[in-house]
Structure formats: structure tokens, C-alpha cells
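The structure file start-v9.cif is reproduced below (mmCIF, C-alpha atoms).
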```cif
data_work
loop_
_atom_site.label_atom_id
_atom_site.label_comp_id
_atom_site.auth_asym_id
_atom_site.auth_seq_id
_atom_site.Cartn_x
_atom_site.Cartn_y
_atom_site.Cartn_z
CA MET U 17 -54.97 45.02 -34.43
CA ASN U 18 -51.54 46.63 -34.47
CA VAL U 19 -49.76 47.60 -31.25
CA GLY U 20 -46.86 50.04 -31.21
CA LEU U 21 -44.18 48.41 -29.08
CA ARG U 22 -41.68 50.65 -27.31
CA ILE U 23 -38.77 49.07 -25.41
CA ASP U 24 -36.84 51.27 -22.99
CA ALA U 25 -33.33 50.19 -22.01
CA ASP U 26 -32.49 52.30 -18.96
CA THR U 27 -29.51 50.50 -17.41
CA PHE U 28 -26.28 48.66 -18.14
CA ARG U 29 -27.69 45.31 -17.00
CA GLY U 30 -30.94 45.79 -18.89
CA THR U 31 -29.06 46.61 -22.08
CA LYS U 32 -26.48 43.83 -21.73
CA TYR U 33 -28.88 41.02 -20.89
CA GLY U 34 -32.46 42.18 -21.38
CA VAL U 35 -32.10 43.63 -24.87
CA PRO U 36 -30.71 40.41 -26.45
CA ASN U 37 -33.51 38.44 -24.76
CA LEU U 38 -36.14 40.73 -26.23
CA ILE U 39 -34.56 40.76 -29.69
CA ARG U 40 -34.67 36.96 -29.67
CA LEU U 41 -38.27 36.88 -28.45
CA LEU U 42 -39.46 39.40 -31.03
CA GLY U 43 -37.73 37.44 -33.78
CA GLU U 44 -39.51 34.26 -32.75
CA HIS U 45 -42.87 36.02 -33.14
CA GLY U 46 -42.08 37.99 -36.28
CA ALA U 47 -42.55 41.21 -34.32
CA SER U 48 -40.60 44.44 -34.34
CA ALA U 49 -40.29 47.35 -31.95
CA SER U 50 -38.75 50.72 -31.19
CA PHE U 51 -35.76 50.43 -28.83
CA PHE U 52 -34.87 53.57 -26.88
CA PHE U 53 -31.43 53.46 -25.27
CA SER U 54 -29.81 55.31 -22.39
CA LEU U 55 -26.24 55.95 -23.53
CA GLY U 56 -24.40 57.60 -20.64
CA PRO U 57 -23.45 56.56 -17.10
CA ASP U 58 -25.70 54.08 -15.32
CA ASN U 59 -26.41 55.83 -12.01
CA MET U 60 -29.85 54.35 -11.48
CA GLY U 61 -28.94 53.11 -8.00
CA ARG U 62 -29.03 56.70 -6.82
CA HIS U 63 -32.81 56.49 -6.92
CA LEU U 64 -32.51 54.80 -3.52
CA LEU U 65 -32.51 58.31 -2.05
CA ARG U 66 -36.13 58.55 -3.13
CA LEU U 67 -37.10 55.84 -0.63
CA ILE U 68 -37.85 58.64 1.82
CA ARG U 69 -40.88 59.44 -0.35
CA PRO U 70 -43.84 57.25 0.68
CA SER U 71 -45.14 56.97 -2.89
CA PHE U 72 -41.81 55.74 -4.26
CA LEU U 73 -41.25 53.37 -1.33
CA GLY U 74 -44.75 51.98 -1.86
CA LYS U 75 -44.03 51.36 -5.53
CA MET U 76 -40.75 49.58 -4.69
CA LEU U 77 -42.51 47.32 -2.18
CA ARG U 78 -45.54 46.70 -4.40
CA SER U 79 -43.43 45.66 -7.39
CA LYS U 80 -40.98 43.68 -5.19
CA ALA U 81 -38.16 45.71 -6.73
CA PRO U 82 -35.12 43.71 -5.49
CA ASN U 83 -36.55 40.55 -7.03
CA LEU U 84 -37.81 42.35 -10.12
CA TYR U 85 -34.73 44.40 -11.02
CA GLY U 86 -31.90 42.67 -9.17
CA TRP U 87 -29.46 44.27 -6.76
CA ASP U 88 -27.03 45.02 -9.58
CA ILE U 89 -29.46 47.60 -10.98
CA ILE U 90 -30.65 48.86 -7.62
CA LEU U 91 -27.13 49.66 -6.39
CA LYS U 92 -25.52 50.76 -9.68
CA GLY U 93 -23.74 54.10 -9.42
CA THR U 94 -24.13 54.46 -5.65
CA LEU U 95 -20.58 53.88 -4.41
CA TRP U 96 -18.73 54.77 -7.61
CA PRO U 97 -19.67 56.25 -11.02
CA GLY U 98 -21.68 53.88 -13.16
CA PRO U 99 -20.34 52.57 -16.50
CA VAL U 100 -21.03 54.53 -19.68
CA ILE U 101 -23.53 52.21 -21.34
CA GLY U 102 -23.03 53.37 -24.92
CA GLU U 103 -19.26 52.94 -24.74
CA LYS U 104 -19.35 49.48 -23.15
CA LEU U 105 -22.26 47.94 -25.04
CA GLN U 106 -22.05 49.33 -28.56
CA GLY U 107 -22.43 45.93 -30.18
CA ILE U 108 -25.67 45.13 -28.37
CA ILE U 109 -27.17 48.52 -29.18
CA ARG U 110 -26.21 48.09 -32.82
CA SER U 111 -27.65 44.57 -32.86
CA ALA U 112 -31.16 45.97 -32.31
CA SER U 113 -30.83 48.00 -35.50
CA ASP U 114 -29.22 45.09 -37.36
CA ALA U 115 -32.24 42.94 -36.43
CA GLY U 116 -34.53 45.44 -38.18
CA HIS U 117 -35.83 47.31 -35.16
CA GLU U 118 -36.15 51.05 -34.87
CA VAL U 119 -33.53 52.55 -32.55
CA GLY U 120 -33.94 55.89 -30.80
CA LEU U 121 -32.42 58.07 -28.11
CA HIS U 122 -33.70 57.71 -24.56
CA ALA U 123 -31.23 59.59 -22.37
CA TRP U 124 -27.66 60.38 -21.52
CA ASP U 125 -27.96 59.96 -17.73
CA HIS U 126 -31.41 58.50 -17.03
CA HIS U 127 -31.23 59.17 -13.30
CA ALA U 128 -30.05 62.77 -13.68
CA TRP U 129 -32.87 63.59 -16.09
CA GLN U 130 -35.54 62.26 -13.76
CA VAL U 131 -34.29 63.97 -10.61
CA ARG U 132 -33.68 67.31 -12.35
CA ALA U 133 -36.86 67.31 -14.43
CA ASP U 134 -38.44 70.18 -12.48
CA ARG U 135 -35.42 72.46 -12.77
CA MET U 136 -33.72 71.69 -16.08
CA GLY U 137 -32.43 74.66 -18.01
CA ALA U 138 -31.82 74.86 -21.74
CA GLY U 139 -28.10 74.19 -21.27
CA PHE U 140 -28.63 70.98 -19.32
CA ILE U 141 -31.27 69.70 -21.76
CA SER U 142 -29.25 70.57 -24.85
CA GLY U 143 -26.05 69.10 -23.43
CA ALA U 144 -27.67 65.84 -22.38
CA LEU U 145 -29.38 65.42 -25.74
CA GLN U 146 -26.24 66.27 -27.71
CA LYS U 147 -23.99 63.81 -25.87
CA ALA U 148 -26.48 60.97 -26.29
CA PHE U 149 -27.21 61.93 -29.91
CA ASP U 150 -23.52 62.01 -30.86
CA LEU U 151 -22.71 58.66 -29.26
CA LEU U 152 -25.78 56.89 -30.66
CA SER U 153 -25.05 58.32 -34.12
CA ARG U 154 -21.52 56.91 -33.91
CA ILE U 155 -22.80 53.50 -32.83
CA LEU U 156 -25.44 53.27 -35.57
CA GLY U 157 -23.45 54.99 -38.29
CA ARG U 158 -26.34 57.39 -38.80
CA PRO U 159 -28.35 59.87 -36.71
CA PRO U 160 -31.21 58.37 -34.67
CA ALA U 161 -34.59 59.36 -36.08
CA CYS U 162 -36.58 59.36 -32.84
CA SER U 163 -36.34 59.99 -29.12
CA ALA U 164 -38.22 59.44 -25.85
CA VAL U 165 -37.43 61.18 -22.56
CA PRO U 166 -36.97 59.19 -19.32
CA GLY U 167 -40.01 58.76 -17.11
CA TRP U 168 -42.27 60.76 -19.44
CA LYS U 169 -40.83 63.93 -17.92
CA CYS U 170 -40.91 66.55 -20.64
CA ASN U 171 -41.69 70.27 -20.69
CA ASP U 172 -42.00 73.00 -23.29
CA LEU U 173 -38.30 73.78 -23.08
CA THR U 174 -37.47 70.14 -23.78
CA LEU U 175 -39.68 70.20 -26.86
CA ILE U 176 -37.99 73.37 -28.10
CA GLU U 177 -34.50 71.92 -27.62
CA LYS U 178 -35.51 68.65 -29.30
CA SER U 179 -36.74 70.57 -32.35
CA LYS U 180 -33.10 71.43 -33.06
CA PHE U 181 -32.34 67.75 -33.70
CA PRO U 182 -33.42 65.78 -36.81
CA PHE U 183 -35.93 63.59 -35.01
CA ARG U 184 -38.79 62.32 -37.16
CA TYR U 185 -40.93 61.98 -34.05
CA ASN U 186 -40.72 61.89 -30.26
CA SER U 187 -42.48 59.75 -27.66
CA ASP U 188 -42.20 61.92 -24.58
CA CYS U 189 -45.62 61.70 -23.00
CA ARG U 190 -48.75 59.73 -22.26
CA GLY U 191 -51.89 60.30 -24.28
CA VAL U 192 -54.48 58.88 -26.65
CA SER U 193 -53.50 59.90 -30.19
CA ILE U 194 -50.61 61.11 -32.33
CA PHE U 195 -50.37 64.90 -32.19
CA TYR U 196 -48.21 67.93 -32.82
CA PRO U 197 -47.30 69.68 -29.55
CA LEU U 198 -48.66 73.17 -29.17
CA ILE U 199 -46.58 75.68 -27.19
CA HIS U 200 -48.70 78.78 -26.64
CA GLU U 201 -49.73 79.44 -30.26
CA THR U 202 -46.76 77.73 -31.90
CA VAL U 203 -47.14 74.26 -33.44
CA MET U 204 -43.97 72.20 -33.08
CA SER U 205 -42.77 70.38 -36.18
CA GLN U 206 -42.02 67.01 -34.55
CA PRO U 207 -45.10 64.88 -33.81
CA GLN U 208 -45.53 63.04 -30.54
CA ILE U 209 -46.49 59.37 -30.47
CA PRO U 210 -47.70 59.01 -26.87
CA VAL U 211 -47.78 55.86 -24.79
CA THR U 212 -51.42 54.89 -24.27
CA LEU U 213 -51.13 51.78 -22.07
CA PRO U 214 -49.88 51.36 -18.48
CA THR U 215 -46.54 49.78 -17.62
CA TYR U 216 -45.97 46.69 -15.49
CA ASP U 217 -44.84 48.62 -12.42
CA GLU U 218 -47.87 50.91 -12.58
CA VAL U 219 -50.33 48.02 -12.57
CA VAL U 220 -49.02 45.05 -10.61
CA GLY U 221 -49.95 44.95 -6.94
CA ARG U 222 -52.90 47.32 -7.39
CA ASN U 223 -56.61 46.55 -7.74
CA GLY U 224 -56.06 42.82 -7.49
CA ILE U 225 -53.64 42.65 -10.43
CA CYS U 226 -50.79 40.17 -10.02
CA ASP U 227 -48.57 38.18 -12.36
CA GLY U 228 -51.29 35.53 -12.60
CA ASN U 229 -53.84 37.83 -14.24
CA TYR U 230 -51.60 40.63 -15.54
CA ASN U 231 -51.56 39.44 -19.16
CA ALA U 232 -55.33 39.04 -19.30
CA TYR U 233 -55.74 42.53 -17.90
CA MET U 234 -53.35 44.08 -20.42
CA LEU U 235 -54.97 42.25 -23.34
CA SER U 236 -58.35 43.58 -22.20
CA LEU U 237 -57.04 47.14 -22.60
CA LEU U 238 -56.19 46.75 -26.29
CA ASP U 239 -58.75 48.51 -28.49
CA PRO U 240 -58.72 48.12 -32.30
CA GLU U 241 -60.52 51.45 -32.64
CA LYS U 242 -57.79 53.38 -30.81
CA LEU U 243 -54.06 53.99 -30.81
CA ASN U 244 -52.34 51.25 -28.81
CA VAL U 245 -48.78 52.00 -27.69
CA LEU U 246 -47.15 49.80 -25.06
CA THR U 247 -43.89 50.42 -23.20
CA VAL U 248 -41.91 47.51 -21.80
CA HIS U 249 -38.52 47.70 -20.12
CA ALA U 250 -35.40 45.69 -20.82
CA GLU U 251 -34.92 45.53 -17.05
CA VAL U 252 -38.37 44.03 -16.43
CA GLU U 253 -39.87 42.22 -19.42
CA GLY U 254 -36.38 41.46 -20.72
CA LEU U 255 -35.19 39.91 -17.45
CA GLY U 256 -37.27 39.03 -14.38
CA ARG U 257 -40.59 39.01 -16.24
CA LEU U 258 -39.35 37.63 -19.56
CA SER U 259 -41.48 34.49 -19.35
CA LEU U 260 -44.53 36.57 -18.45
CA PHE U 261 -43.97 38.83 -21.46
CA GLU U 262 -43.36 35.81 -23.69
CA ARG U 263 -46.78 34.46 -22.73
CA PHE U 264 -48.29 37.88 -23.42
CA MET U 265 -46.76 37.92 -26.90
CA LYS U 266 -48.05 34.41 -27.65
CA GLU U 267 -51.58 35.20 -26.47
CA ALA U 268 -51.67 38.50 -28.33
CA CYS U 269 -50.40 36.96 -31.57
CA LEU U 270 -52.96 34.15 -31.33
CA ASN U 271 -55.63 36.86 -31.18
CA GLY U 272 -54.33 38.40 -34.39
CA THR U 273 -52.38 41.23 -32.78
CA THR U 274 -49.19 42.45 -34.45
CA PHE U 275 -46.37 44.52 -32.93
CA SER U 276 -44.63 47.31 -34.81
CA PRO U 277 -42.17 50.16 -34.23
CA LEU U 278 -43.78 53.46 -33.34
CA GLY U 279 -42.48 55.12 -36.48
CA THR U 280 -44.70 52.93 -38.67
CA PHE U 281 -47.74 54.76 -37.29
CA LEU U 282 -46.70 57.94 -39.09
CA GLY U 283 -48.26 57.96 -42.55
CA PRO U 284 -48.53 60.53 -45.31
CA HIS U 285 -51.94 61.68 -44.09
CA THR U 286 -52.45 65.15 -42.60
CA GLY U 287 -55.01 64.24 -39.97
CA ILE U 288 -52.70 64.68 -37.00
CA GLY U 289 -54.16 66.94 -34.34
CA ARG U 290 -52.55 69.53 -32.08
CA ALA U 291 -52.45 69.67 -28.30
CA PRO U 292 -50.39 71.14 -25.47
CA VAL U 293 -48.19 68.88 -23.38
CA VAL U 294 -49.24 69.25 -19.76
CA LYS U 295 -48.31 67.95 -16.34
CA THR U 296 -50.48 65.24 -14.78
CA THR U 297 -50.25 62.20 -12.50
CA ILE U 298 -50.88 58.52 -13.17
CA ASP U 299 -52.09 55.96 -10.66
CA GLY U 300 -49.23 53.69 -9.70
CA ARG U 301 -46.46 56.08 -10.74
CA GLU U 302 -44.62 58.37 -8.36
CA GLY U 303 -44.50 62.07 -9.27
CA TRP U 304 -45.72 63.82 -12.36
CA VAL U 305 -45.61 62.81 -16.00
CA SER U 306 -46.13 64.79 -19.17
CA SER U 307 -49.36 64.11 -21.02
CA GLN U 308 -51.26 65.12 -24.11
CA ARG U 309 -54.05 67.43 -23.04
CA VAL U 310 -57.36 65.93 -24.08
CA GLY U 311 -60.30 68.09 -23.04
CA GLY U 312 -60.68 69.63 -19.62
CA VAL U 313 -58.10 71.89 -18.04
CA ARG U 314 -54.83 70.67 -16.57
CA ARG U 315 -51.90 72.64 -15.28
CA GLY U 316 -49.34 73.19 -18.03
CA ILE U 317 -45.78 72.02 -17.56
CA GLY U 318 -44.43 75.32 -18.80
CA SER U 319 -40.91 76.04 -19.94
#
```
For the structure just supplied, provide its representation as C-alpha cells.
Amino acid sequence: MNVGLRIDADTFRGTKYGVPNLIRLLGEHGASASFFFSLGPDNMGRHLLRLIRPSFLGKMLRSKAPNLYGWDIILKGTLWPGPVIGEKLQGIIRSASDAGHEVGLHAWDHHAWQVRADRMGAGFISGALQKAFDLLSRILGRPPACSAVPGWKCNDLTLIEKSKFPFRYNSDCRGVSIFYPLIHETVMSQPQIPVTLPTYDEVVGRNGICDGNYNAYMLSLLDPEKLNVLTVHAEVEGLGRLSLFERFMKEACLNGTTFSPLGTFLGPHTGIGRAPVVKTTIDGREGWVSSQRVGGVRRGIGS
């Protein structure tokens, strides 16, 4: 069984310390992944304003956020502008590519994208993508071939703006299979490789799941008959839950599971379906996320 492994690096601390940890761990297991980097200012601490929302506060308490992320991440960018990650940590970002991993664009300002997701215009989307694209291209010495929006917050306008960049694929939503996004009657040219499995913060602390049985639960979700795409975070599995993720890798590999970059799932075949990207909610995650529409009727994200 092959699992597509996506690693999101959202913050300065996660990139500086978590990414090297994960590169080392993957190397020890002969595994590879897709790393998606935030390149601009680390203002993630500004999410503290969302504590007034009961759902976000509940998630922070359930996942024991100060212990999980560290105060450095939680407070970054609150009292002064956060550091520009791509300028400060070019060598670490490049090291992921040098180690043979796929490297893609995640965001310019991760926090700004998430808080403005419901009201982004074409100018904001295009500008954020262009700044991140230019800096990542300079770091890698070539244009990145893939991208993934922060927090799975994508709409039709985002898909249209992304089509102007040379991305081979995007991973902007949750879903069950690789598909071409459908906007009204127009089929977009860049396929989506959706995330199919839940993340640590969506699962832990709910329905009796804790660190003690988390790995067993996640392994039980893997299905050799389906697309398996897992997202881990440099700030979580690369730092506070590194040992937990290391045990997960060992157990999965003993069961014959391999881990690959998302791009390896795109073959020469033409059996990729089409589907709209719609707005939905996920248990354990605050707010809406974009999702592949699979049967039924859901409210479209719109443009």
C-alpha cells in the first residue's frame, strides 16, 4: 500500500527545526514526501484573536496547543511583524529538495490567507501566489511544480488564479480521489490531489482518541483499495509529536506501507474524474474547508 505523504511547514519554527527532523526521519525509512512551504512573514500568533470563537478555543484546549506547538509559534507576529521565512531559512527549504523530496508552494502569509479566505479578491490571491512563487523559485533554482493552500481554504477564484501558474497539480481540498476541478461547465487544467485522511489536531481528544491509541487509529484508516493521502505538520509531527510520528512510520513500514510524494500519483492514464470544489465542514476543524464534491448536494464555495 502506498500513502501520499504531504508535509506542511506553516511557521518559522516549524521550518527551522521540524523540517530537518522530518527529512532525517524519512531518510531513515527510505520514504519521501511532498513538502509545502510558507514563504512570507510568520504571523501565526495572530490566530490568538480567534480564541473568542468557541470552536477554535475548544480545539486549542483539546490539542493542548501550548504544549503541542510551543509559545514561540503561538505568539509569533503578535507584538511585531514576524520574520520572512523564505528569506531567513532558504538553506533548509532547499535541503528538502536536495534530499529528493517534492517541494511546493503553501502560502505567502499563512495567517492572512486563512483569515481572509471568505473575502479574497483576485488581486489579493494573485499577489500572494506571485510573491511566494517568485521567492520559492529563487530558492530552488526552478519554478515549484505544485501548490497547496493553507487550511484547505480554496474557492473558484483561487483555482482560476492558480491556473495562471505552471503547477503540475494542486492539493487544495479534502476528498476521495484525484480529479479535475469543474467550475460551472469549465474543466480546469490542473488536477487536484485531495487529502483523504484526518490530521492530528482533528482527531486527538475526540471519541476517545489520545496519543496512546492515535497511531493504531490512523493505521486502521488506510485502505489499499482507495487513495490514501496524509498531511502532517512540521510544527506537530516534526516537533512535539516527532516520536509519535516515528512510531507511526515504523509500524506502517512493517506492514508493507510505503510513503511517496503526491506527484507520483499522477500517471499517464486518462481516468481522472471531474468534480466541483465545494464548501463543507470537518469534525474537529474550526470553520469551513474546501472539498471535492462526491454525490449529494453541498453548497458551492463560489468565486
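Shortest separation to Phe149 (chain U) among U:Gly102, U:Pro36, U:Gly303, U:Gly289 occurs at residue U:Gly102, atoms counted being all atoms listed in the file.
What separates CA of Ala49 (chain U) from CA of Ala128 (chain U) is a distance of 26.0 Å.
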Quiz item: Hey, can you pull every residue with an atom no more than 12 Å from (-39.1, 36.5, -20.8), using all atoms listed in the file, and send it as a ChimeraX atom specification?
Solution: /U:33-42,248-266
Self-check item: Top pick for closest residue to Leu105 (chain U), considering U:Ser54, U:Thr273, U:Thr31, U:Asn223 and counting only C-alpha atoms
Solution: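 Checking each of U:Ser54, U:Thr273, U:Thr31, U:Asn223 against Leu105 (chain U), counting only C-alpha atoms, the winner is U:Thr31.
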Self-check item: Among the residues U:Ile108, U:Val203, U:Ile288, U:Cys269, the one that comes closest to Arg29 (chain U) [using all atoms listed in the file]
Solution: U:Ile108
Exercise. Figure out the distance between CA of Glu177 (chain U) and CA of Ser205 (chain U), please, to one decimal in Å.
Key: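 Taking CA of Ser205 (chain U) as the start and CA of Glu177 (chain U) as the end point, the length is 12.0 Å.
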Quiz item: Which residue, U:Glu201, U:Asp150, U:Asp24, U:Asp217, has the smallest gap to Glu118 (chain U) when you use only C-alpha atoms?
Solution: U:Asp24
Practice problem: Please evaluate the PyMOL selection byres ((chain U and resi 184) around 6) against the displayed coordinates and give the resulting residues as an NGL selection string. | Solution: :U and (161-162 or 183 or 185)
Practice problem: Tell me, in Å to one decimal, how far CA of Gly20 (chain U) is from CA of Arg110 (chain U). | Solution: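 Here the two named atoms are 20.8 Å from each other.
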Quiz item: the PyMOL selection byres ((chain U and resi 167) around 10) on the file shown: which residues, as a list in words?
Solution: His122, His126, His127, Trp129, Gln130, Ala133, Ala164, Val165, Pro166, Trp168, Lys169, Cys170, Asp188, Cys189, Arg301, Glu302, Gly303, Trp304, Val305 and Ser306 of chain U
Quiz prompt | Residues matched by the PyMOL selection byres ((chain U and resi 276) around 10), written as a PyMOL selection string | solution = chain U and resi 18-22+46-50+117-118+245+274-275+277-281
